[in-house]
Amino acid sequence: MPELPEVETVRRGLLKIAKGRKIAAIDIHYEKTITNENIAWFKETLIGATIVNVDRRGKYLLFRFDNQMTMVSHLRMEGKYYNLPEDGEIHKHTHVVFHLDDDTKLCYSDSRKFGRMTLVKNDEALQVAGLKTIGPEPTAETLTVEYLQKIMHASRREIKPFLLDQSNVAGLGNIYVDEVLWMSKIHPKEHANLVSDEQIEQLRDNIIQELAVATEHHGTTVHSYTNAFGNAGEFQNHLHAYGNAGKPCERCGTPFKKIKVAQRGTTYCPHCQILTENEND
DNA sequence: CGGTCTGTTCTTCG
DNA sequence: TCGAAGAACAGACC
């Protein structure tokens, strides 16, 4: 389940093997991965084009080509890129294969078939659904205290679904939301507008730091698949809350509880993370 | 074997 | 206009 640190790790892996490479041929084994209406056009437009860069915005990868086109790729839960020699045997669940001009192939596999790719002109990339409404990148420059305070004051949503909403802040998913809420001592069901300005500042700092440190560790590996970019991560060894239900909180020793918040599995410390008003779980 | 669960985004409904 | 809930995706697991 790639979140920002994992997607950034994939981006760096892609740059190393694909930047400067020309697409020689494309095999598509599962057409729904490509959301363009015209699959033939998708292939024709990319064959002969050279990958000049791979950018990232939130959890979206943007492959930039020398023909002024951008392929937007979202991995959703299980999407993975990996690289093989041209004569290598592709893994199960491989839906798209880009044959490159250096006798290798860039493969996309996705056991759940949730991931999507779409090809658009460069200047239309930010109009793609999902990117059009995406919030600021979680960096010190782009995610300001003022911005976070403004949008949190204006929302009565529970903080967890609020932070999972990519239009508020880009890049957070289930794992890192549980982590930053634990670090910031905020209950996952706390309403955004009831969080104090001081706590918002803490939360903002924690989001920025947590994602940066996780990126340094190449993200969190949940299911490990060798040879796929972004699966060498070892940040799972640094998680405090996620996956620790029943184990003692590092700060106070109270066992972590696991509950549902907005239909999502949520781990939190019932002692450190307290609701300001109700005593509901 | 049937039900549940999984994460993310989009769509629908109130 | 907002937020909650459902839909969709497909497979792993009990």
# chains A, B, ... in the order shown; residues from 1 in each chain; ligands from 1
>>> residues_around(residues="DC13 of chain B", least_positions_apart="5", cutoff="12 Å", atoms="only C-alpha atoms (C1' of nucleotides)", output="number ranges by chain")
C: 3-6
>>> write_last_selection(atoms="C-alpha atoms (C1' of nucleotides)", output="JSON list (two decimals), in the first residue's frame")
[["chain", "number", "residue", "atom", "x", "y", "z"],
["C", 3, "DG", "C1'", -19.63, 15.02, 4.52],
["C", 4, "DA", "C1'", -20.97, 10.27, 4.87],
["C", 5, "DA", "C1'", -21.49, 6.21, 2.59],
["C", 6, "DG", "C1'", -21.32, 3.19, -1.30]]
>>> closest_atom_pairs(of="chain C", to="chain A", cutoff="7 Å", atoms="only C-alpha atoms (C1' of nucleotides)", output="JSON lines")
{"residue": "C:DC9", "atom": "C1'", "partner": "A:Phe114", "partner_atom": "CA", "distance": 5.1}
{"residue": "C:DA10", "atom": "C1'", "partner": "A:Arg112", "partner_atom": "CA", "distance": 4.9}
{"residue": "C:DG11", "atom": "C1'", "partner": "A:Arg112", "partner_atom": "CA", "distance": 6.5}
>>> write_last_selection(atoms="all heavy atoms", output="PDB file, in the first residue's frame")
ATOM      1  P    DC C   9     -15.684  -3.410 -11.310  1.00  0.00           P
ATOM      2  OP1  DC C   9     -15.746  -3.333 -12.772  1.00  0.00           O
ATOM      3  OP2  DC C   9     -16.523  -4.350 -10.544  1.00  0.00           O
ATOM      4  O5'  DC C   9     -14.167  -3.687 -10.899  1.00  0.00           O
ATOM      5  C5'  DC C   9     -13.154  -2.789 -11.305  1.00  0.00           C
ATOM      6  C4'  DC C   9     -11.950  -2.986 -10.444  1.00  0.00           C
ATOM      7  O4'  DC C   9     -12.184  -2.412  -9.147  1.00  0.00           O
ATOM      8  C3'  DC C   9     -11.668  -4.465 -10.122  1.00  0.00           C
ATOM      9  O3'  DC C   9     -10.780  -4.981 -11.098  1.00  0.00           O
ATOM     10  C2'  DC C   9     -10.997  -4.417  -8.754  1.00  0.00           C
ATOM     11  C1'  DC C   9     -11.272  -3.004  -8.243  1.00  0.00           C
ATOM     12  N1   DC C   9     -11.857  -2.972  -6.880  1.00  0.00           N
ATOM     13  C2   DC C   9     -11.359  -2.073  -5.945  1.00  0.00           C
ATOM     14  O2   DC C   9     -10.457  -1.310  -6.292  1.00  0.00           O
ATOM     15  N3   DC C   9     -11.856  -2.065  -4.680  1.00  0.00           N
ATOM     16  C4   DC C   9     -12.836  -2.908  -4.364  1.00  0.00           C
ATOM     17  N4   DC C   9     -13.296  -2.855  -3.122  1.00  0.00           N
ATOM     18  C5   DC C   9     -13.368  -3.826  -5.316  1.00  0.00           C
ATOM     19  C6   DC C   9     -12.848  -3.829  -6.544  1.00  0.00           C
ATOM     20  P    DA C  10     -11.079  -6.434 -11.647  1.00  0.00           P
ATOM     21  OP1  DA C  10     -10.300  -6.543 -12.888  1.00  0.00           O
ATOM     22  OP2  DA C  10     -12.522  -6.689 -11.623  1.00  0.00           O
ATOM     23  O5'  DA C  10     -10.412  -7.377 -10.547  1.00  0.00           O
ATOM     24  C5'  DA C  10      -9.018  -7.283 -10.360  1.00  0.00           C
ATOM     25  C4'  DA C  10      -8.632  -8.095  -9.164  1.00  0.00           C
ATOM     26  O4'  DA C  10      -9.268  -7.580  -7.982  1.00  0.00           O
ATOM     27  C3'  DA C  10      -9.003  -9.578  -9.239  1.00  0.00           C
ATOM     28  O3'  DA C  10      -7.828 -10.306  -8.976  1.00  0.00           O
ATOM     29  C2'  DA C  10     -10.027  -9.767  -8.136  1.00  0.00           C
ATOM     30  C1'  DA C  10      -9.647  -8.673  -7.162  1.00  0.00           C
ATOM     31  N9   DA C  10     -10.729  -8.189  -6.302  1.00  0.00           N
ATOM     32  C8   DA C  10     -12.043  -8.021  -6.605  1.00  0.00           C
ATOM     33  N7   DA C  10     -12.764  -7.561  -5.619  1.00  0.00           N
ATOM     34  C5   DA C  10     -11.853  -7.419  -4.584  1.00  0.00           C
ATOM     35  C6   DA C  10     -11.976  -6.979  -3.252  1.00  0.00           C
ATOM     36  N6   DA C  10     -13.130  -6.578  -2.721  1.00  0.00           N
ATOM     37  N1   DA C  10     -10.859  -6.952  -2.499  1.00  0.00           N
ATOM     38  C2   DA C  10      -9.697  -7.354  -3.040  1.00  0.00           C
ATOM     39  N3   DA C  10      -9.462  -7.797  -4.271  1.00  0.00           N
ATOM     40  C4   DA C  10     -10.588  -7.800  -4.995  1.00  0.00           C
ATOM     41  P    DG C  11      -7.704 -11.862  -9.228  1.00  0.00           P
ATOM     42  OP1  DG C  11      -6.676 -12.052 -10.262  1.00  0.00           O
ATOM     43  OP2  DG C  11      -9.034 -12.482  -9.359  1.00  0.00           O
ATOM     44  O5'  DG C  11      -7.069 -12.320  -7.850  1.00  0.00           O
ATOM     45  C5'  DG C  11      -5.977 -11.571  -7.339  1.00  0.00           C
ATOM     46  C4'  DG C  11      -5.993 -11.626  -5.843  1.00  0.00           C
ATOM     47  O4'  DG C  11      -7.181 -10.996  -5.318  1.00  0.00           O
ATOM     48  C3'  DG C  11      -5.970 -13.039  -5.262  1.00  0.00           C
ATOM     49  O3'  DG C  11      -4.935 -13.079  -4.325  1.00  0.00           O
ATOM     50  C2'  DG C  11      -7.320 -13.170  -4.565  1.00  0.00           C
ATOM     51  C1'  DG C  11      -7.593 -11.727  -4.186  1.00  0.00           C
ATOM     52  N9   DG C  11      -8.984 -11.398  -3.904  1.00  0.00           N
ATOM     53  C8   DG C  11     -10.075 -11.587  -4.708  1.00  0.00           C
ATOM     54  N7   DG C  11     -11.191 -11.167  -4.165  1.00  0.00           N
ATOM     55  C5   DG C  11     -10.811 -10.674  -2.924  1.00  0.00           C
ATOM     56  C6   DG C  11     -11.585 -10.093  -1.892  1.00  0.00           C
ATOM     57  O6   DG C  11     -12.803  -9.889  -1.869  1.00  0.00           O
ATOM     58  N1   DG C  11     -10.796  -9.724  -0.805  1.00  0.00           N
ATOM     59  C2   DG C  11      -9.439  -9.903  -0.733  1.00  0.00           C
ATOM     60  N2   DG C  11      -8.839  -9.494   0.387  1.00  0.00           N
ATOM     61  N3   DG C  11      -8.701 -10.445  -1.688  1.00  0.00           N
ATOM     62  C4   DG C  11      -9.447 -10.801  -2.755  1.00  0.00           C
TER      63       DG C  11
END
>>> interface_residues(of="chain A", to="chain B", cutoff="10 Å", atoms="only C-alpha atoms (C1' of nucleotides)", output="count of residues only")
18
>>> select_by_dssp(residues="segment 58-198 of chain A", states="helix (DSSP H, G or I)", output="JSON list (two decimals) with N, CA, C and O atoms, in the first residue's frame")
[["chain", "number", "residue", "atom", "x", "y", "z"],
["A", 122, "ASN", "N", 1.58, 17.09, -21.68],
["A", 122, "ASN", "CA", 2.23, 17.65, -20.48],
["A", 122, "ASN", "C", 1.37, 18.68, -19.77],
["A", 122, "ASN", "O", 1.20, 18.63, -18.55],
["A", 123, "ASP", "N", 0.81, 19.61, -20.54],
["A", 123, "ASP", "CA", 0.10, 20.72, -19.89],
["A", 123, "ASP", "C", -1.29, 20.32, -19.40],
["A", 123, "ASP", "O", -1.98, 21.13, -18.80],
["A", 124, "GLU", "N", -1.67, 19.06, -19.64],
["A", 124, "GLU", "CA", -2.97, 18.59, -19.13],
["A", 124, "GLU", "C", -2.81, 17.70, -17.90],
["A", 124, "GLU", "O", -3.79, 17.28, -17.30],
["A", 125, "ALA", "N", -1.55, 17.42, -17.54],
["A", 125, "ALA", "CA", -1.31, 16.44, -16.47],
["A", 125, "ALA", "C", -1.96, 16.86, -15.16],
["A", 125, "ALA", "O", -2.54, 16.04, -14.45],
["A", 126, "LEU", "N", -1.90, 18.14, -14.85],
["A", 126, "LEU", "CA", -2.44, 18.57, -13.56],
["A", 126, "LEU", "C", -3.96, 18.70, -13.58],
["A", 126, "LEU", "O", -4.57, 19.02, -12.57],
["A", 127, "GLN", "N", -4.55, 18.42, -14.75],
["A", 127, "GLN", "CA", -6.02, 18.42, -14.84],
["A", 127, "GLN", "C", -6.60, 17.02, -14.69],
["A", 127, "GLN", "O", -7.81, 16.84, -14.65],
["A", 145, "VAL", "N", 1.88, 26.17, 8.44],
["A", 145, "VAL", "CA", 1.02, 26.14, 9.62],
["A", 145, "VAL", "C", -0.27, 26.90, 9.35],
["A", 145, "VAL", "O", -1.36, 26.44, 9.70],
["A", 146, "GLU", "N", -0.15, 28.04, 8.70],
["A", 146, "GLU", "CA", -1.32, 28.88, 8.42],
["A", 146, "GLU", "C", -2.36, 28.12, 7.59],
["A", 146, "GLU", "O", -3.55, 28.16, 7.87],
["A", 147, "TYR", "N", -1.87, 27.44, 6.56],
["A", 147, "TYR", "CA", -2.77, 26.68, 5.69],
["A", 147, "TYR", "C", -3.48, 25.58, 6.48],
["A", 147, "TYR", "O", -4.70, 25.44, 6.42],
["A", 148, "LEU", "N", -2.71, 24.81, 7.25],
["A", 148, "LEU", "CA", -3.30, 23.68, 7.97],
["A", 148, "LEU", "C", -4.30, 24.17, 9.01],
["A", 148, "LEU", "O", -5.37, 23.58, 9.19],
["A", 149, "GLN", "N", -3.96, 25.26, 9.69],
["A", 149, "GLN", "CA", -4.90, 25.82, 10.67],
["A", 149, "GLN", "C", -6.18, 26.28, 9.99],
["A", 149, "GLN", "O", -7.29, 26.00, 10.45],
["A", 150, "LYS", "N", -6.02, 26.92, 8.85],
["A", 150, "LYS", "CA", -7.19, 27.45, 8.14],
["A", 150, "LYS", "C", -8.14, 26.32, 7.74],
["A", 150, "LYS", "O", -9.35, 26.40, 7.98],
["A", 151, "ILE", "N", -7.61, 25.27, 7.13],
["A", 151, "ILE", "CA", -8.52, 24.21, 6.65],
["A", 151, "ILE", "C", -9.04, 23.36, 7.81],
["A", 151, "ILE", "O", -10.16, 22.85, 7.74],
["A", 152, "MET", "N", -8.26, 23.22, 8.88],
["A", 152, "MET", "CA", -8.76, 22.43, 10.01],
["A", 152, "MET", "C", -9.82, 23.19, 10.80],
["A", 152, "MET", "O", -10.80, 22.59, 11.25],
["A", 153, "HIS", "N", -9.65, 24.47, 10.94],
["A", 153, "HIS", "CA", -10.68, 25.27, 11.62],
["A", 153, "HIS", "C", -12.01, 25.18, 10.88],
["A", 153, "HIS", "O", -13.08, 25.26, 11.49],
["A", 159, "ILE", "N", -10.47, 13.73, 12.29],
["A", 159, "ILE", "CA", -9.13, 14.07, 11.80],
["A", 159, "ILE", "C", -8.54, 12.98, 10.90],
["A", 159, "ILE", "O", -7.84, 13.28, 9.95],
["A", 160, "LYS", "N", -8.85, 11.71, 11.20],
["A", 160, "LYS", "CA", -8.25, 10.67, 10.36],
["A", 160, "LYS", "C", -8.72, 10.73, 8.91],
["A", 160, "LYS", "O", -7.90, 10.85, 8.01],
["A", 161, "PRO", "N", -10.04, 10.64, 8.66],
["A", 161, "PRO", "CA", -10.46, 10.78, 7.26],
["A", 161, "PRO", "C", -10.08, 12.14, 6.66],
["A", 161, "PRO", "O", -9.82, 12.24, 5.46],
["A", 162, "PHE", "N", -10.01, 13.15, 7.49],
["A", 162, "PHE", "CA", -9.57, 14.47, 7.01],
["A", 162, "PHE", "C", -8.16, 14.40, 6.44],
["A", 162, "PHE", "O", -7.88, 14.94, 5.37],
["A", 163, "LEU", "N", -7.26, 13.71, 7.16],
["A", 163, "LEU", "CA", -5.86, 13.63, 6.70],
["A", 163, "LEU", "C", -5.68, 12.64, 5.56],
["A", 163, "LEU", "O", -4.74, 12.74, 4.78],
["A", 164, "LEU", "N", -6.59, 11.66, 5.47],
["A", 164, "LEU", "CA", -6.51, 10.71, 4.35],
["A", 164, "LEU", "C", -6.99, 11.36, 3.05],
["A", 164, "LEU", "O", -6.68, 10.87, 1.97],
["A", 174, "ASN", "N", -3.04, 5.21, 5.25],
["A", 174, "ASN", "CA", -3.46, 4.66, 6.53],
["A", 174, "ASN", "C", -2.31, 4.52, 7.54],
["A", 174, "ASN", "O", -2.46, 4.83, 8.71],
["A", 175, "ILE", "N", -1.17, 4.04, 7.07],
["A", 175, "ILE", "CA", -0.05, 3.79, 7.99],
["A", 175, "ILE", "C", 0.45, 5.10, 8.61],
["A", 175, "ILE", "O", 0.53, 5.24, 9.83],
["A", 176, "TYR", "N", 0.78, 6.06, 7.76],
["A", 176, "TYR", "CA", 1.41, 7.28, 8.28],
["A", 176, "TYR", "C", 0.43, 8.18, 9.02],
["A", 176, "TYR", "O", 0.83, 8.94, 9.89],
["A", 177, "VAL", "N", -0.86, 8.08, 8.70],
["A", 177, "VAL", "CA", -1.83, 8.85, 9.48],
["A", 177, "VAL", "C", -1.86, 8.33, 10.92],
["A", 177, "VAL", "O", -1.82, 9.11, 11.88],
["A", 178, "ASP", "N", -1.91, 7.01, 11.09],
["A", 178, "ASP", "CA", -1.89, 6.47, 12.45],
["A", 178, "ASP", "C", -0.61, 6.91, 13.17],
["A", 178, "ASP", "O", -0.65, 7.24, 14.36],
["A", 179, "GLU", "N", 0.51, 6.91, 12.46],
["A", 179, "GLU", "CA", 1.77, 7.30, 13.08],
["A", 179, "GLU", "C", 1.77, 8.77, 13.51],
["A", 179, "GLU", "O", 2.15, 9.09, 14.65],
["A", 180, "VAL", "N", 1.40, 9.66, 12.61],
["A", 180, "VAL", "CA", 1.49, 11.09, 12.97],
["A", 180, "VAL", "C", 0.46, 11.47, 14.02],
["A", 180, "VAL", "O", 0.72, 12.36, 14.84],
["A", 181, "LEU", "N", -0.69, 10.78, 14.05],
["A", 181, "LEU", "CA", -1.68, 11.09, 15.10],
["A", 181, "LEU", "C", -1.16, 10.62, 16.46],
["A", 181, "LEU", "O", -1.35, 11.29, 17.47],
["A", 182, "TRP", "N", -0.49, 9.47, 16.48],
["A", 182, "TRP", "CA", 0.11, 9.01, 17.74],
["A", 182, "TRP", "C", 1.20, 9.99, 18.19],
["A", 182, "TRP", "O", 1.24, 10.40, 19.35],
["A", 183, "MET", "N", 2.07, 10.37, 17.26],
["A", 183, "MET", "CA", 3.16, 11.30, 17.59],
["A", 183, "MET", "C", 2.61, 12.63, 18.12],
["A", 183, "MET", "O", 3.20, 13.24, 19.01],
["A", 192, "ALA", "N", -11.60, 17.83, 13.35],
["A", 192, "ALA", "CA", -10.49, 18.71, 12.92],
["A", 192, "ALA", "C", -10.58, 20.09, 13.56],
["A", 192, "ALA", "O", -9.57, 20.64, 13.99],
["A", 193, "ASN", "N", -11.79, 20.62, 13.66],
["A", 193, "ASN", "CA", -11.93, 21.99, 14.16],
["A", 193, "ASN", "C", -11.77, 22.09, 15.68],
["A", 193, "ASN", "O", -11.74, 23.19, 16.22],
["A", 194, "LEU", "N", -11.64, 20.93, 16.36],
["A", 194, "LEU", "CA", -11.46, 20.97, 17.81],
["A", 194, "LEU", "C", -10.00, 20.79, 18.23],
["A", 194, "LEU", "O", -9.68, 20.81, 19.41],
["A", 197, "ASP", "N", -4.53, 25.09, 18.10],
["A", 197, "ASP", "CA", -3.52, 25.62, 17.18],
["A", 197, "ASP", "C", -2.14, 25.06, 17.49],
["A", 197, "ASP", "O", -1.34, 24.80, 16.60],
["A", 198, "GLU", "N", -1.88, 24.88, 18.78],
["A", 198, "GLU", "CA", -0.59, 24.34, 19.18],
["A", 198, "GLU", "C", -0.41, 22.90, 18.66],
["A", 198, "GLU", "O", 0.65, 22.53, 18.14]]
>>> atom_distance(atom1="atom CA of Gly219 of chain A", atom2="atom CA of Arg12 of chain A")
12.0 Å
>>> residues_around(residues="Arg57 of chain A", least_positions_apart="2", cutoff="10 Å", atoms="only C-alpha atoms (C1' of nucleotides)", output="count of residues only")
17
>>> residues_around(residues="Ala214 of chain A", least_positions_apart="2", cutoff="12 Å", atoms="only C-alpha atoms (C1' of nucleotides)", output="NGL selection string")
:A and (2-9 or 172 or 175-176 or 179-180 or 206-212 or 216-221 or 230 or 233-239)
>>> residues_around(residues="Phe65 of chain A", least_positions_apart="2", cutoff="12 Å", atoms="only C-alpha atoms (C1' of nucleotides)", output="ChimeraX atom specification")
/A:18-23,45-55,62-63,67-72,119-122
>>> residues_around(residues="segment 93-103 of chain A", least_positions_apart="2", cutoff="6 Å", atoms="only C-alpha atoms (C1' of nucleotides)", output="list in words")
Lys22, Ile23, Ala24, Ala25, Ile26, Asp27, Ile28, His29, Tyr30, Glu86, His91, Lys105, Leu106, Cys107, Tyr108, Ser109, Asp110 and Ser111 of chain A
>>> write_last_selection(atoms="N, CA, C and O atoms", output="CSV table (one decimal), in the first residue's frame")
chain,number,residue,atom,x,y,z
A,22,LYS,N,14.4,4.8,-24.5
A,22,LYS,CA,13.3,4.9,-25.5
A,22,LYS,C,12.4,3.7,-25.5
A,22,LYS,O,12.9,2.6,-25.2
A,23,ILE,N,11.1,3.9,-25.6
A,23,ILE,CA,10.1,2.8,-25.6
A,23,ILE,C,10.2,2.1,-27.0
A,23,ILE,O,9.9,2.7,-28.0
A,24,ALA,N,10.5,0.8,-27.0
A,24,ALA,CA,10.6,0.1,-28.3
A,24,ALA,C,9.3,-0.6,-28.6
A,24,ALA,O,8.9,-0.7,-29.8
A,25,ALA,N,8.6,-1.1,-27.6
A,25,ALA,CA,7.3,-1.8,-27.8
A,25,ALA,C,6.6,-1.9,-26.5
A,25,ALA,O,7.2,-1.7,-25.4
A,26,ILE,N,5.3,-2.1,-26.5
A,26,ILE,CA,4.5,-2.1,-25.3
A,26,ILE,C,3.5,-3.3,-25.4
A,26,ILE,O,2.8,-3.5,-26.4
A,27,ASP,N,3.4,-4.1,-24.3
A,27,ASP,CA,2.4,-5.2,-24.3
A,27,ASP,C,1.5,-4.8,-23.2
A,27,ASP,O,1.9,-4.5,-22.1
A,28,ILE,N,0.2,-4.9,-23.5
A,28,ILE,CA,-0.8,-4.7,-22.4
A,28,ILE,C,-1.7,-5.9,-22.3
A,28,ILE,O,-2.3,-6.4,-23.2
A,29,HIS,N,-1.6,-6.5,-21.1
A,29,HIS,CA,-2.3,-7.7,-20.8
A,29,HIS,C,-3.6,-7.5,-20.1
A,29,HIS,O,-4.4,-8.5,-20.0
A,30,TYR,N,-3.8,-6.4,-19.5
A,30,TYR,CA,-5.0,-6.1,-18.8
A,30,TYR,C,-5.4,-4.6,-19.2
A,30,TYR,O,-4.8,-3.7,-18.6
A,86,GLU,N,15.4,-8.4,-21.4
A,86,GLU,CA,14.4,-8.7,-22.4
A,86,GLU,C,13.9,-10.1,-22.4
A,86,GLU,O,12.8,-10.4,-22.7
A,91,HIS,N,6.6,-11.7,-14.0
A,91,HIS,CA,5.9,-12.3,-12.9
A,91,HIS,C,4.4,-12.3,-13.1
A,91,HIS,O,3.9,-11.7,-14.0
A,105,LYS,N,13.2,-4.7,-20.1
A,105,LYS,CA,11.8,-4.3,-20.1
A,105,LYS,C,11.4,-3.8,-18.7
A,105,LYS,O,11.8,-4.4,-17.7
A,106,LEU,N,10.6,-2.8,-18.7
A,106,LEU,CA,10.0,-2.2,-17.5
A,106,LEU,C,8.6,-2.8,-17.4
A,106,LEU,O,7.8,-2.6,-18.3
A,107,CYS,N,8.4,-3.5,-16.3
A,107,CYS,CA,7.1,-4.2,-16.1
A,107,CYS,C,6.3,-3.6,-15.0
A,107,CYS,O,6.8,-3.2,-14.0
A,108,TYR,N,5.0,-3.7,-15.2
A,108,TYR,CA,4.0,-3.2,-14.2
A,108,TYR,C,3.2,-4.4,-13.7
A,108,TYR,O,2.5,-5.0,-14.5
A,109,SER,N,3.2,-4.7,-12.4
A,109,SER,CA,2.4,-5.8,-11.9
A,109,SER,C,1.5,-5.2,-10.8
A,109,SER,O,1.9,-4.3,-10.1
A,110,ASP,N,0.4,-5.9,-10.6
A,110,ASP,CA,-0.6,-5.4,-9.7
A,110,ASP,C,-1.6,-6.5,-9.4
A,110,ASP,O,-2.6,-6.7,-10.2
A,111,SER,N,-1.4,-7.2,-8.3
A,111,SER,CA,-2.3,-8.3,-8.0
A,111,SER,C,-3.7,-8.0,-7.8
A,111,SER,O,-4.6,-8.8,-8.1
